[in-house]
>>> print(open('target.cif').read())   # mmCIF, C-alpha atoms
data_target
loop_
_atom_site.group_PDB
_atom_site.id
_atom_site.type_symbol
_atom_site.label_atom_id
_atom_site.label_comp_id
_atom_site.auth_asym_id
_atom_site.auth_seq_id
_atom_site.Cartn_x
_atom_site.Cartn_y
_atom_site.Cartn_z
ATOM 1 C CA MET H 1366 -38.054 -25.005 0.138
ATOM 2 C CA GLY H 1367 -41.752 -25.790 0.102
ATOM 3 C CA ASP H 1368 -44.434 -24.127 2.164
ATOM 4 C CA ILE H 1369 -44.948 -25.360 5.723
ATOM 5 C CA LEU H 1370 -47.725 -24.794 8.237
ATOM 6 C CA PHE H 1371 -47.253 -22.387 11.117
ATOM 7 C CA ARG H 1372 -50.155 -22.064 13.583
ATOM 8 C CA GLY H 1373 -52.449 -23.647 10.986
ATOM 9 C CA LYS H 1374 -51.452 -21.246 8.195
ATOM 10 C CA PRO H 1375 -49.142 -21.858 5.244
ATOM 11 C CA MET H 1376 -45.757 -20.189 5.556
ATOM 12 C CA SER H 1377 -43.164 -19.886 2.823
ATOM 13 C CA GLY H 1378 -39.759 -21.468 3.335
ATOM 14 C CA HIS H 1379 -38.128 -18.037 3.626
ATOM 15 C CA LEU H 1380 -40.577 -16.845 6.270
ATOM 16 C CA ALA H 1381 -40.229 -20.116 8.146
ATOM 17 C CA LEU H 1382 -36.460 -19.705 8.226
ATOM 18 C CA GLU H 1383 -36.793 -16.132 9.471
ATOM 19 C CA HIS H 1384 -39.134 -17.346 12.213
ATOM 20 C CA LEU H 1385 -36.640 -20.007 13.267
ATOM 21 C CA LEU H 1386 -33.825 -17.441 13.301
ATOM 22 C CA LYS H 1387 -35.809 -15.102 15.530
ATOM 23 C CA ARG H 1388 -36.777 -17.962 17.847
ATOM 24 C CA ASP H 1389 -33.210 -19.240 18.211
ATOM 25 C CA ARG H 1390 -31.824 -15.757 18.767
ATOM 26 C CA LEU H 1391 -34.438 -15.250 21.472
ATOM 27 C CA ILE H 1392 -33.470 -18.534 23.121
ATOM 28 C CA VAL H 1393 -29.783 -17.609 23.057
ATOM 29 C CA VAL H 1394 -30.446 -14.082 24.339
ATOM 30 C CA VAL H 1395 -32.723 -15.241 27.158
ATOM 31 C CA GLY H 1396 -30.483 -18.156 28.091
ATOM 32 C CA THR H 1397 -27.371 -15.972 28.152
ATOM 33 C CA ALA H 1398 -29.170 -13.281 30.147
ATOM 34 C CA VAL H 1399 -30.277 -15.875 32.705
ATOM 35 C CA VAL H 1400 -26.711 -17.173 33.068
ATOM 36 C CA VAL H 1401 -25.359 -13.652 33.561
ATOM 37 C CA ALA H 1402 -28.152 -12.704 35.990
ATOM 38 C CA LEU H 1403 -27.513 -15.794 38.105
ATOM 39 C CA ALA H 1404 -23.788 -15.045 38.113
ATOM 40 C CA TRP H 1405 -24.346 -11.480 39.290
ATOM 41 C CA ALA H 1406 -26.826 -12.673 41.933
ATOM 42 C CA TYR H 1407 -24.211 -15.130 43.198
ATOM 43 C CA LEU H 1408 -21.621 -12.363 43.426
ATOM 44 C CA ALA H 1409 -24.045 -9.960 45.107
ATOM 45 C CA SER H 1410 -24.816 -12.619 47.731
ATOM 46 C CA GLY H 1411 -21.129 -12.860 48.586
ATOM 47 C CA ALA H 1412 -20.183 -15.868 46.447
ATOM 48 C CA GLY H 1413 -20.226 -18.102 49.486
ATOM 49 C CA MET H 1414 -17.889 -15.786 51.416
ATOM 50 C CA ASP H 1415 -18.598 -13.995 54.685
ATOM 51 C CA THR H 1416 -18.248 -10.521 53.203
ATOM 52 C CA GLU H 1417 -19.458 -8.797 56.376
ATOM 53 C CA MET H 1418 -16.629 -10.345 58.367
ATOM 54 C CA MET H 1419 -14.180 -9.380 55.629
ATOM 55 C CA ALA H 1420 -15.355 -5.777 55.774
ATOM 56 C CA ASP H 1421 -15.323 -5.602 59.584
ATOM 57 C CA MET H 1422 -11.909 -7.213 59.993
ATOM 58 C CA PRO H 1423 -9.914 -6.450 56.852
ATOM 59 C CA ASP H 1424 -6.546 -6.740 58.629
ATOM 60 C CA MET H 1425 -7.115 -10.267 59.879
ATOM 61 C CA ALA H 1426 -4.988 -13.091 58.540
ATOM 62 C CA PRO H 1427 -6.509 -14.685 55.419
ATOM 63 C CA MET H 1428 -8.571 -17.840 55.677
ATOM 64 C CA PRO H 1429 -6.595 -21.083 56.006
ATOM 65 C CA TRP H 1430 -6.393 -22.925 52.716
ATOM 66 C CA THR H 1431 -8.232 -26.224 52.429
ATOM 67 C CA PRO H 1432 -9.336 -28.150 49.308
ATOM 68 C CA LEU H 1433 -12.908 -26.970 49.908
ATOM 69 C CA TYR H 1434 -11.816 -23.344 50.271
ATOM 70 C CA ALA H 1435 -9.774 -23.588 47.058
ATOM 71 C CA VAL H 1436 -12.767 -24.992 45.170
ATOM 72 C CA LEU H 1437 -14.953 -22.212 46.588
ATOM 73 C CA LEU H 1438 -12.459 -19.586 45.441
ATOM 74 C CA PHE H 1439 -12.283 -21.133 41.974
ATOM 75 C CA ALA H 1440 -16.084 -21.053 41.726
ATOM 76 C CA MET H 1441 -16.061 -17.427 42.879
ATOM 77 C CA TRP H 1442 -13.507 -16.395 40.252
ATOM 78 C CA TRP H 1443 -15.175 -18.332 37.441
ATOM 79 C CA VAL H 1444 -18.650 -17.014 38.197
ATOM 80 C CA MET H 1445 -17.167 -13.524 38.407
ATOM 81 C CA MET H 1446 -15.630 -13.927 34.962
ATOM 82 C CA ILE H 1447 -18.943 -15.186 33.566
ATOM 83 C CA ALA H 1448 -20.771 -12.178 34.984
ATOM 84 C CA MET H 1449 -18.189 -9.716 33.703
ATOM 85 C CA MET H 1450 -17.286 -11.170 30.302
ATOM 86 C CA VAL H 1451 -20.318 -12.937 28.810
ATOM 87 C CA PRO H 1452 -22.260 -9.686 28.107
ATOM 88 C CA SER H 1453 -19.431 -8.318 25.954
ATOM 89 C CA ALA H 1454 -19.129 -11.679 24.155
ATOM 90 C CA ALA H 1455 -22.853 -11.774 23.343
ATOM 91 C CA PRO H 1456 -22.509 -10.191 19.848
ATOM 92 C CA THR H 1457 -20.150 -12.974 18.758
ATOM 93 C CA VAL H 1458 -22.389 -15.667 20.231
ATOM 94 C CA LEU H 1459 -25.475 -14.210 18.531
ATOM 95 C CA LEU H 1460 -23.744 -13.834 15.165
ATOM 96 C CA TYR H 1461 -22.540 -17.424 15.429
ATOM 97 C CA ALA H 1462 -26.115 -18.520 16.208
ATOM 98 C CA THR H 1463 -27.422 -16.644 13.152
ATOM 99 C CA VAL H 1464 -24.866 -18.175 10.804
ATOM 100 C CA LYS H 1465 -25.467 -21.687 12.149
ATOM 101 C CA ARG H 1466 -29.225 -21.402 11.745
ATOM 102 C CA ARG H 1467 -28.862 -20.194 8.163
ATOM 103 C CA GLN H 1468 -26.649 -23.195 7.468
ATOM 104 C CA GLU H 1469 -28.796 -25.734 9.307
ATOM 105 C CA THR H 1470 -32.468 -25.935 10.220
ATOM 106 C CA THR H 1471 -32.094 -28.719 12.779
ATOM 107 C CA SER H 1472 -31.903 -28.564 16.551
ATOM 108 C CA GLY H 1473 -28.205 -29.395 16.255
ATOM 109 C CA ALA H 1474 -27.493 -25.776 15.329
ATOM 110 C CA ALA H 1475 -28.807 -24.510 18.660
ATOM 111 C CA MET H 1476 -26.769 -27.147 20.494
ATOM 112 C CA GLU H 1477 -23.593 -25.993 18.755
ATOM 113 C CA VAL H 1478 -24.206 -22.436 19.957
ATOM 114 C CA TRP H 1479 -24.176 -23.634 23.559
ATOM 115 C CA ILE H 1480 -21.081 -25.725 22.851
ATOM 116 C CA PHE H 1481 -19.425 -22.586 21.462
ATOM 117 C CA LEU H 1482 -20.312 -20.744 24.677
ATOM 118 C CA ALA H 1483 -19.013 -23.658 26.757
ATOM 119 C CA GLY H 1484 -15.658 -23.412 24.994
ATOM 120 C CA TYR H 1485 -15.597 -19.685 25.682
ATOM 121 C CA LEU H 1486 -16.306 -20.242 29.368
ATOM 122 C CA LEU H 1487 -13.641 -22.944 29.600
ATOM 123 C CA ALA H 1488 -11.010 -20.389 28.602
ATOM 124 C CA TRP H 1489 -12.088 -18.231 31.537
ATOM 125 C CA ALA H 1490 -12.097 -21.302 33.786
ATOM 126 C CA GLY H 1491 -8.411 -21.651 32.960
ATOM 127 C CA PHE H 1492 -7.841 -18.017 33.877
ATOM 128 C CA SER H 1493 -9.785 -18.539 37.119
ATOM 129 C CA LEU H 1494 -7.516 -21.421 38.073
ATOM 130 C CA VAL H 1495 -4.440 -19.244 37.527
ATOM 131 C CA ALA H 1496 -6.087 -16.453 39.565
ATOM 132 C CA VAL H 1497 -6.669 -18.838 42.469
ATOM 133 C CA LEU H 1498 -3.028 -19.931 42.377
ATOM 134 C CA ALA H 1499 -1.937 -16.277 42.299
ATOM 135 C CA GLN H 1500 -4.199 -15.528 45.248
ATOM 136 C CA TRP H 1501 -2.716 -18.438 47.170
ATOM 137 C CA ALA H 1502 0.824 -17.180 46.487
ATOM 138 C CA LEU H 1503 -0.043 -13.610 47.517
ATOM 139 C CA GLU H 1504 -1.722 -14.766 50.716
ATOM 140 C CA ARG H 1505 1.230 -16.996 51.580
ATOM 141 C CA THR H 1506 3.475 -13.924 51.400
ATOM 142 C CA TRP H 1507 0.997 -11.808 53.412
ATOM 143 C CA LEU H 1508 0.357 -9.469 50.483
ATOM 144 C CA LEU H 1509 -3.438 -9.904 50.608
ATOM 145 C CA SER H 1510 -5.762 -8.962 53.451
ATOM 146 C CA MET H 1511 -8.826 -10.773 54.754
ATOM 147 C CA ALA H 1512 -10.799 -8.709 52.220
ATOM 148 C CA MET H 1513 -8.601 -10.148 49.421
ATOM 149 C CA ALA H 1514 -7.085 -6.729 48.749
ATOM 150 C CA SER H 1515 -3.427 -5.831 48.422
ATOM 151 C CA THR H 1516 -1.718 -4.931 51.707
ATOM 152 C CA SER H 1517 1.294 -3.542 49.857
ATOM 153 C CA ALA H 1518 1.322 -0.186 48.126
ATOM 154 C CA ILE H 1519 4.226 -1.411 46.029
ATOM 155 C CA LEU H 1520 2.220 -4.410 44.821
ATOM 156 C CA GLY H 1521 -0.825 -2.251 44.130
ATOM 157 C CA GLY H 1522 1.181 0.388 42.291
ATOM 158 C CA THR H 1523 3.051 -2.218 40.275
ATOM 159 C CA LEU H 1524 -0.185 -3.891 39.177
ATOM 160 C CA LEU H 1525 -1.652 -0.548 38.116
ATOM 161 C CA LEU H 1526 1.488 0.424 36.228
ATOM 162 C CA ALA H 1527 1.843 -2.971 34.532
ATOM 163 C CA ALA H 1528 -1.831 -3.049 33.547
ATOM 164 C CA GLY H 1529 -1.461 0.403 32.019
ATOM 165 C CA LEU H 1530 1.617 -0.566 30.024
ATOM 166 C CA TYR H 1531 -0.085 -3.733 28.790
ATOM 167 C CA GLN H 1532 -2.795 -1.612 27.148
ATOM 168 C CA PHE H 1533 -0.185 -0.454 24.607
ATOM 169 C CA THR H 1534 1.240 -3.871 23.720
ATOM 170 C CA PRO H 1535 0.703 -5.544 20.313
ATOM 171 C CA LEU H 1536 -0.777 -8.587 22.082
ATOM 172 C CA LYS H 1537 -3.465 -6.436 23.663
ATOM 173 C CA GLY H 1538 -4.236 -4.821 20.318
ATOM 174 C CA ALA H 1539 -4.423 -8.133 18.447
ATOM 175 C CA CYS H 1540 -6.696 -9.756 21.040
ATOM 176 C CA LEU H 1541 -8.947 -6.700 21.261
ATOM 177 C CA ARG H 1542 -9.288 -6.654 17.469
ATOM 178 C CA TYR H 1543 -10.897 -10.102 17.413
ATOM 179 C CA CYS H 1544 -13.034 -9.322 20.455
ATOM 180 C CA GLN H 1545 -14.334 -6.144 18.801
ATOM 181 C CA SER H 1546 -15.163 -7.748 15.448
ATOM 182 C CA PRO H 1547 -17.284 -10.920 15.645
ATOM 183 C CA LEU H 1548 -17.440 -11.056 11.832
ATOM 184 C CA LEU H 1549 -13.655 -10.957 11.527
ATOM 185 C CA PHE H 1550 -13.237 -13.696 14.106
ATOM 186 C CA LEU H 1551 -15.871 -16.023 12.638
ATOM 187 C CA SER H 1552 -14.720 -15.532 9.045
ATOM 188 C CA ARG H 1553 -11.121 -16.333 9.943
ATOM 189 C CA TYR H 1554 -11.578 -19.206 12.390
ATOM 190 C CA TRP H 1555 -14.789 -20.885 11.263
ATOM 191 C CA GLN H 1556 -14.920 -24.649 11.896
ATOM 192 C CA VAL H 1557 -17.724 -27.130 11.336
ATOM 193 C CA GLY H 1558 -19.319 -29.600 13.706
ATOM 194 C CA ARG H 1559 -19.632 -29.680 17.463
ATOM 195 C CA SER H 1560 -15.924 -30.126 18.054
ATOM 196 C CA GLY H 1561 -15.338 -27.154 15.748
ATOM 197 C CA ALA H 1562 -17.840 -25.089 17.731
ATOM 198 C CA PHE H 1563 -16.027 -25.939 20.947
ATOM 199 C CA ARG H 1564 -12.619 -25.073 19.515
ATOM 200 C CA MET H 1565 -13.959 -21.783 18.150
ATOM 201 C CA GLY H 1566 -15.446 -20.866 21.505
ATOM 202 C CA LEU H 1567 -12.213 -21.783 23.269
ATOM 203 C CA ARG H 1568 -10.195 -19.694 20.825
ATOM 204 C CA HIS H 1569 -12.501 -16.704 21.175
ATOM 205 C CA GLY H 1570 -12.359 -17.024 24.955
ATOM 206 C CA SER H 1571 -8.562 -17.161 24.757
ATOM 207 C CA TYR H 1572 -8.528 -13.898 22.801
ATOM 208 C CA CYS H 1573 -10.759 -12.324 25.455
ATOM 209 C CA VAL H 1574 -8.469 -13.586 28.222
ATOM 210 C CA GLY H 1575 -5.490 -12.136 26.374
ATOM 211 C CA CYS H 1576 -7.335 -8.850 26.026
ATOM 212 C CA CYS H 1577 -8.551 -8.463 29.607
ATOM 213 C CA TRP H 1578 -6.512 -10.607 31.982
ATOM 214 C CA PHE H 1579 -4.441 -7.715 33.325
ATOM 215 C CA LEU H 1580 -7.584 -5.697 33.986
ATOM 216 C CA MET H 1581 -8.933 -8.614 36.022
ATOM 217 C CA ALA H 1582 -5.680 -8.701 37.993
ATOM 218 C CA LEU H 1583 -6.576 -5.202 39.211
ATOM 219 C CA LEU H 1584 -9.184 -6.852 41.436
ATOM 220 C CA PHE H 1585 -6.288 -7.661 43.765
ATOM 221 C CA VAL H 1586 -5.707 -3.914 44.215
ATOM 222 C CA SER H 1587 -9.072 -2.932 45.693
ATOM 223 C CA GLY H 1588 -10.375 -6.316 46.814
ATOM 224 C CA VAL H 1589 -11.442 -9.357 44.828
ATOM 225 C CA MET H 1590 -14.972 -9.154 46.246
ATOM 226 C CA ASN H 1591 -15.339 -5.368 45.894
ATOM 227 C CA LEU H 1592 -18.634 -5.351 43.967
ATOM 228 C CA LEU H 1593 -18.327 -1.726 42.826
ATOM 229 C CA TRP H 1594 -14.858 -2.393 41.427
ATOM 230 C CA ILE H 1595 -16.169 -5.518 39.671
ATOM 231 C CA ILE H 1596 -19.010 -3.533 38.079
ATOM 232 C CA ALA H 1597 -16.636 -0.742 37.023
ATOM 233 C CA ILE H 1598 -14.251 -3.148 35.295
ATOM 234 C CA ALA H 1599 -17.139 -5.015 33.635
ATOM 235 C CA LEU H 1600 -18.573 -1.767 32.252
ATOM 236 C CA TYR H 1601 -15.172 -0.664 30.998
ATOM 237 C CA VAL H 1602 -14.568 -4.011 29.274
ATOM 238 C CA ALA H 1603 -17.972 -3.792 27.576
ATOM 239 C CA CYS H 1604 -17.246 -0.264 26.331
ATOM 240 C CA GLU H 1605 -13.773 -1.223 25.116
ATOM 241 C CA LYS H 1606 -15.139 -4.141 23.082
ATOM 242 C CA LEU H 1607 -18.469 -2.778 21.877
ATOM 243 C CA LEU H 1608 -17.853 0.904 21.148
ATOM 244 C CA PRO H 1609 -16.323 1.959 17.810
ATOM 245 C CA PHE H 1610 -13.576 3.928 19.575
ATOM 246 C CA GLY H 1611 -12.620 1.006 21.826
ATOM 247 C CA ARG H 1612 -8.912 1.066 20.930
ATOM 248 C CA SER H 1613 -8.679 4.777 21.732
ATOM 249 C CA LEU H 1614 -10.450 4.068 25.018
ATOM 250 C CA SER H 1615 -7.863 1.366 25.658
ATOM 251 C CA TYR H 1616 -5.036 3.863 25.205
ATOM 252 C CA ALA H 1617 -6.757 6.385 27.484
ATOM 253 C CA ALA H 1618 -7.212 3.735 30.175
ATOM 254 C CA GLY H 1619 -3.555 2.798 29.794
ATOM 255 C CA VAL H 1620 -2.410 6.373 30.374
ATOM 256 C CA THR H 1621 -4.701 6.675 33.409
ATOM 257 C CA LEU H 1622 -3.481 3.421 34.943
ATOM 258 C CA ILE H 1623 0.170 4.343 34.377
ATOM 259 C CA LEU H 1624 -0.411 7.712 36.032
ATOM 260 C CA PHE H 1625 -2.108 6.237 39.095
ATOM 261 C CA GLY H 1626 0.424 3.433 39.348
ATOM 262 C CA THR H 1627 3.283 5.892 39.267
ATOM 263 C CA ILE H 1628 1.671 8.030 41.974
ATOM 264 C CA VAL H 1629 1.057 5.024 44.235
ATOM 265 C CA LEU H 1630 4.656 3.803 43.809
ATOM 266 C CA ALA H 1631 6.071 7.286 44.405
ATOM 267 C CA ARG H 1632 4.184 7.566 47.675
ATOM 268 C CA ALA H 1633 5.304 4.087 48.729
ATOM 269 C CA VAL H 1634 8.999 4.861 48.345
#
>>> encode(input="target.cif", output="C-alpha cells")
Amino acid sequence: MGDILFRGKPMSGHLALEHLLKRDRLIVVVGTAVVVALAWAYLASGAGMDTEMMADMPDMAPMPWTPLYAVLLFAMWWVMMIAMMVPSAAPTVLLYATVKRRQETTSGAAMEVWIFLAGYLLAWAGFSLVAVLAQWALERTWLLSMAMASTSAILGGTLLLAAGLYQFTPLKGACLRYCQSPLLFLSRYWQVGRSGAFRMGLRHGSYCVGCCWFLMALLFVSGVMNLLWIIAIALYVACEKLLPFGRSLSYAAGVTLILFGTIVLARAV
C-alpha cells in the first residue's frame, strides 16, 4: 500500500491502517458507551413507570393491561437488557470491529459492526417479548405486586432454586463458553457481508440469552424495577463473562442460589 497524506504529512500504509483501526475502535467504544449510558439513564428515571407510586403502594393490584402499557413494558425490558448486557458483549464487538477493519478499509466495515450489534440486540428483544408475556401471565394470576415483584414465596423460592440448578447445566456451560471467548466465537461462526454480520450478532446474542436468561428471571423475585437488583445482576454477568474464573463463579452462584431457594421454599411450607 502506498504512502498517503495525514494532516499534510506522508504516512505509510501500515501506519494509516493502524490509525483507521484506532479511530474505528474509538467510534465503536464511544457509540456503545453512549447507548449503555442512555439505557441506564432511562432505567434510573423509572423507564416511564411511576416508581414512587409502586414503592408507596406495593400491594395494590397491578396496572390494567392495554396495548400502550404492553409496549411500554417491552421497551422497559429491552432497554434494561441493553443496559445490563451490552457492556459484557463489548469485547466481542470490538474484536469484530478490529477484524473487519483489517479486512476492509472502507466505511462499510464500520457499518457492519453496527449491524452485528443490531443482531445482538434483536436476540434480547426476543427475550424481552417473552418476559413481557411472562409478566402478563404472572399478573393475571396475582403472583406479581404493583412493584412487579413476586407475591408468592413459593414462586420466589422456585425461581431461585431453578436459576441455581441451571448454572450447572451443559447448556449454560456451552453458552457461557462462547460468551467468554470472543475469538472462539468469531473463528467458528464468521460470515461475510452485512447479512452475515447480522446473523453473527443474532447468534452471539442468542448464546448470551441462553447463558443469562434465568438470571434475568430473578428480577421477578425482588422487583423488575429494583435498580439495585438490576445493577447487582449486571455486575455479576460482567464478572462471569469477563473474568478468567467465570465458570467457577458460575458454579458458586449456582450453589448460593440453590441454598437461598431451598430456604425460601422451606419457610413457605
>>> closest_residue(input="target.cif", among="H:Cys1577, H:Leu1608, H:Leu1524, H:Met1565", to="H:Leu1536", atoms="only C-alpha atoms")
H:Cys1577
>>> residues_around(input="target.cif", residues="H:Met1449", least_positions_apart="4", cutoff="10 Å", atoms="all atoms listed in the file", output="list in words")
Val1401, Ala1404, Trp1405, Trp1443, Val1444, Met1445, Ser1453, Ala1454, Met1581, Ile1595, Ile1596, Ala1597, Ile1598, Ala1599, Leu1600, Tyr1601, Val1602 and Ala1603 of chain H
>>> atom_distance(input="target.cif", atom1="atom CA of H:Glu1605", atom2="atom CA of H:Arg1568")
19.3 Å
>>> resolve_selection(input="target.cif", expression="the PyMOL selection byres ((chain H and resi 1514-1519) around 6)", output="tab-separated table (two decimals) with C-alpha atoms, in the frame of the given file")
chain	number	residue	atom	x	y	z
H	1508	LEU	CA	0.36	-9.47	50.48
H	1509	LEU	CA	-3.44	-9.90	50.61
H	1510	SER	CA	-5.76	-8.96	53.45
H	1512	ALA	CA	-10.80	-8.71	52.22
H	1513	MET	CA	-8.60	-10.15	49.42
H	1520	LEU	CA	2.22	-4.41	44.82
H	1521	GLY	CA	-0.82	-2.25	44.13
H	1522	GLY	CA	1.18	0.39	42.29
H	1523	THR	CA	3.05	-2.22	40.28
H	1585	PHE	CA	-6.29	-7.66	43.76
H	1586	VAL	CA	-5.71	-3.91	44.22
H	1587	SER	CA	-9.07	-2.93	45.69
H	1588	GLY	CA	-10.38	-6.32	46.81
H	1630	LEU	CA	4.66	3.80	43.81
H	1633	ALA	CA	5.30	4.09	48.73
>>> closest_residue(input="target.cif", among="H:Trp1594, H:Phe1533, H:Trp1489, H:Trp1507", to="H:Ser1571", atoms="all atoms listed in the file")
H:Trp1489
>>> resolve_selection(input="target.cif", expression="the PyMOL selection byres ((chain H and resi 1545) around 9)", output="VMD selection string")
chain H and resid 1457 1540 to 1544 1546 to 1547 1549 to 1550 1605 to 1609 1611
>>> closest_residue(input="target.cif", among="H:Leu1526, H:Ser1493, H:Val1589, H:Trp1578", to="H:Val1629", atoms="all atoms listed in the file")
H:Leu1526
>>> closest_residue(input="target.cif", among="H:Val1458, H:Met1476, H:Ala1528, H:Met1441", to="H:Ala1490", atoms="only C-alpha atoms")
H:Met1441
